[in-house]
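Source file: work_30.pdb. Holds: PDB, C-alpha atoms.
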```
MODEL        1
ATOM      1  CA  MET J   1      14.703 -51.614  21.869  1.00  0.00           C
ATOM      2  CA  LYS J   2      12.367 -50.001  24.354  1.00  0.00           C
ATOM      3  CA  HIS J   3      14.192 -46.688  23.984  1.00  0.00           C
ATOM      4  CA  HIS J   4      13.540 -46.737  20.219  1.00  0.00           C
ATOM      5  CA  GLU J   5       9.797 -47.243  20.769  1.00  0.00           C
ATOM      6  CA  GLU J   6       9.687 -44.259  23.125  1.00  0.00           C
ATOM      7  CA  GLU J   7      11.208 -42.052  20.424  1.00  0.00           C
ATOM      8  CA  LYS J   8       8.324 -42.836  18.093  1.00  0.00           C
ATOM      9  CA  ASN J   9       5.835 -41.740  20.735  1.00  0.00           C
ATOM     10  CA  ILE J  10       7.734 -38.499  21.235  1.00  0.00           C
ATOM     11  CA  ASP J  11       7.812 -37.936  17.475  1.00  0.00           C
ATOM     12  CA  SER J  12       4.055 -38.144  17.254  1.00  0.00           C
ATOM     13  CA  LEU J  13       3.815 -35.621  20.072  1.00  0.00           C
ATOM     14  CA  TYR J  14       5.841 -33.121  18.018  1.00  0.00           C
ATOM     15  CA  TYR J  15       3.525 -33.643  15.046  1.00  0.00           C
ATOM     16  CA  LEU J  16       0.432 -33.241  17.219  1.00  0.00           C
ATOM     17  CA  ILE J  17       1.696 -30.008  18.772  1.00  0.00           C
ATOM     18  CA  GLY J  18       2.660 -28.649  15.343  1.00  0.00           C
ATOM     19  CA  MET J  19      -0.739 -29.454  13.882  1.00  0.00           C
ATOM     20  CA  LEU J  20      -2.614 -27.941  16.820  1.00  0.00           C
ATOM     21  CA  ALA J  21      -0.491 -24.795  16.702  1.00  0.00           C
ATOM     22  CA  GLY J  22      -1.191 -24.453  12.977  1.00  0.00           C
ATOM     23  CA  LEU J  23      -4.911 -24.946  13.473  1.00  0.00           C
ATOM     24  CA  ALA J  24      -4.980 -22.425  16.324  1.00  0.00           C
ATOM     25  CA  SER J  25      -3.127 -19.910  14.155  1.00  0.00           C
ATOM     26  CA  GLY J  26      -5.712 -20.411  11.429  1.00  0.00           C
ATOM     27  CA  VAL J  27      -8.554 -19.766  13.852  1.00  0.00           C
ATOM     28  CA  VAL J  28      -6.914 -16.589  15.160  1.00  0.00           C
ATOM     29  CA  ILE J  29      -5.967 -15.195  11.743  1.00  0.00           C
ATOM     30  CA  ASP J  30      -9.118 -16.005   9.794  1.00  0.00           C
ATOM     31  CA  LYS J  31     -12.361 -17.676  10.776  1.00  0.00           C
ATOM     32  CA  THR J  32     -13.116 -19.023   7.306  1.00  0.00           C
ATOM     33  CA  LEU J  33     -12.844 -22.752   6.800  1.00  0.00           C
ATOM     34  CA  ILE J  34     -10.309 -22.472   3.970  1.00  0.00           C
ATOM     35  CA  LEU J  35      -7.270 -21.172   5.863  1.00  0.00           C
ATOM     36  CA  ILE J  36      -7.621 -23.315   8.997  1.00  0.00           C
ATOM     37  CA  PRO J  37      -6.757 -26.726   7.425  1.00  0.00           C
ATOM     38  CA  ILE J  38      -4.054 -25.143   5.282  1.00  0.00           C
ATOM     39  CA  LEU J  39      -2.299 -23.789   8.367  1.00  0.00           C
ATOM     40  CA  GLY J  40      -2.787 -27.163  10.062  1.00  0.00           C
ATOM     41  CA  VAL J  41      -0.784 -28.786   7.261  1.00  0.00           C
ATOM     42  CA  VAL J  42       1.830 -26.028   7.477  1.00  0.00           C
ATOM     43  CA  GLY J  43       2.105 -26.745  11.208  1.00  0.00           C
ATOM     44  CA  LEU J  44       2.670 -30.441  10.462  1.00  0.00           C
ATOM     45  CA  LEU J  45       5.367 -29.575   7.938  1.00  0.00           C
ATOM     46  CA  PHE J  46       7.071 -27.238  10.397  1.00  0.00           C
ATOM     47  CA  ALA J  47       6.955 -29.929  13.089  1.00  0.00           C
ATOM     48  CA  GLY J  48       8.580 -32.418  10.703  1.00  0.00           C
ATOM     49  CA  PHE J  49      11.281 -29.900   9.822  1.00  0.00           C
ATOM     50  CA  PHE J  50      11.912 -29.115  13.485  1.00  0.00           C
ATOM     51  CA  LEU J  51      12.040 -32.795  14.383  1.00  0.00           C
ATOM     52  CA  ASN J  52      14.464 -33.756  11.615  1.00  0.00           C
ATOM     53  CA  VAL J  53      16.778 -30.756  11.838  1.00  0.00           C
ATOM     54  CA  PHE J  54      16.964 -29.795  15.502  1.00  0.00           C
ATOM     55  CA  VAL J  55      15.869 -32.799  17.569  1.00  0.00           C
ATOM     56  CA  ARG J  56      17.497 -35.716  15.702  1.00  0.00           C
ATOM     57  CA  GLY J  57      21.043 -34.467  16.212  1.00  0.00           C
ATOM     58  CA  ARG J  58      20.859 -34.142  19.991  1.00  0.00           C
ATOM     59  CA  GLY J  59      21.229 -37.832  20.858  1.00  0.00           C
ATOM     60  CA  SER J  60      24.302 -38.400  18.676  1.00  0.00           C
ATOM     61  CA  LYS J  61      26.275 -35.390  19.968  1.00  0.00           C
ATOM     62  CA  ALA J  62      26.174 -36.339  23.649  1.00  0.00           C
TER      63      ALA J  62
ENDMDL
END
```

Could you show the structure in this file as structure tokens?
Amino acid sequence: MKHHEEEKNIDSLYYLIGMLAGLASGVVIDKTLILIPILGVVGLLFAGFFLNVFVRGRGSKA
């Protein structure tokens, strides 16, 4: 059971990195306040996609 709890902590790390990358992209591209949160949400969505498609399958294949 402890292994399952560690996976949840790693999942939140993926979401945090995705959100921060999206926010940083928004700051670099445009300094207006409209695009920054939008790209933060896009980063969260990309992190969720990456987590479900690429990371989830690794444990079952080994």

Suppose you want the space between CA of Arg56 in chain J and CA of Ile36 in chain J; what is it in Å?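 Between CA of Arg56 in chain J and CA of Ile36 in chain J the gap works out to 28.8 Å.
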
Do you have the CA of Asn52 in chain J-CA of Ile34 in chain J distance handy?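 Between CA of Asn52 in chain J and CA of Ile34 in chain J the gap is 28.3 Å.
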
Evaluate the PyMOL selection byres ((chain J and resi 23-27) around 10) here and jot the selected residues down as a PyMOL selection string. chain J and resi 17-22+28-44

Would you translate the PyMOL selection byres ((chain J and resi 14) around 9) into the concrete set of residues it matches in this file, as a list in words?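 Selected by the PyMOL selection byres ((chain J and resi 14) around 9) in this file: Ile10, Asp11, Ser12, Leu13, Tyr15, Leu16, Ile17, Gly18, Met19, Leu44, Ala47, Gly48, Phe50 and Leu51 of chain J.
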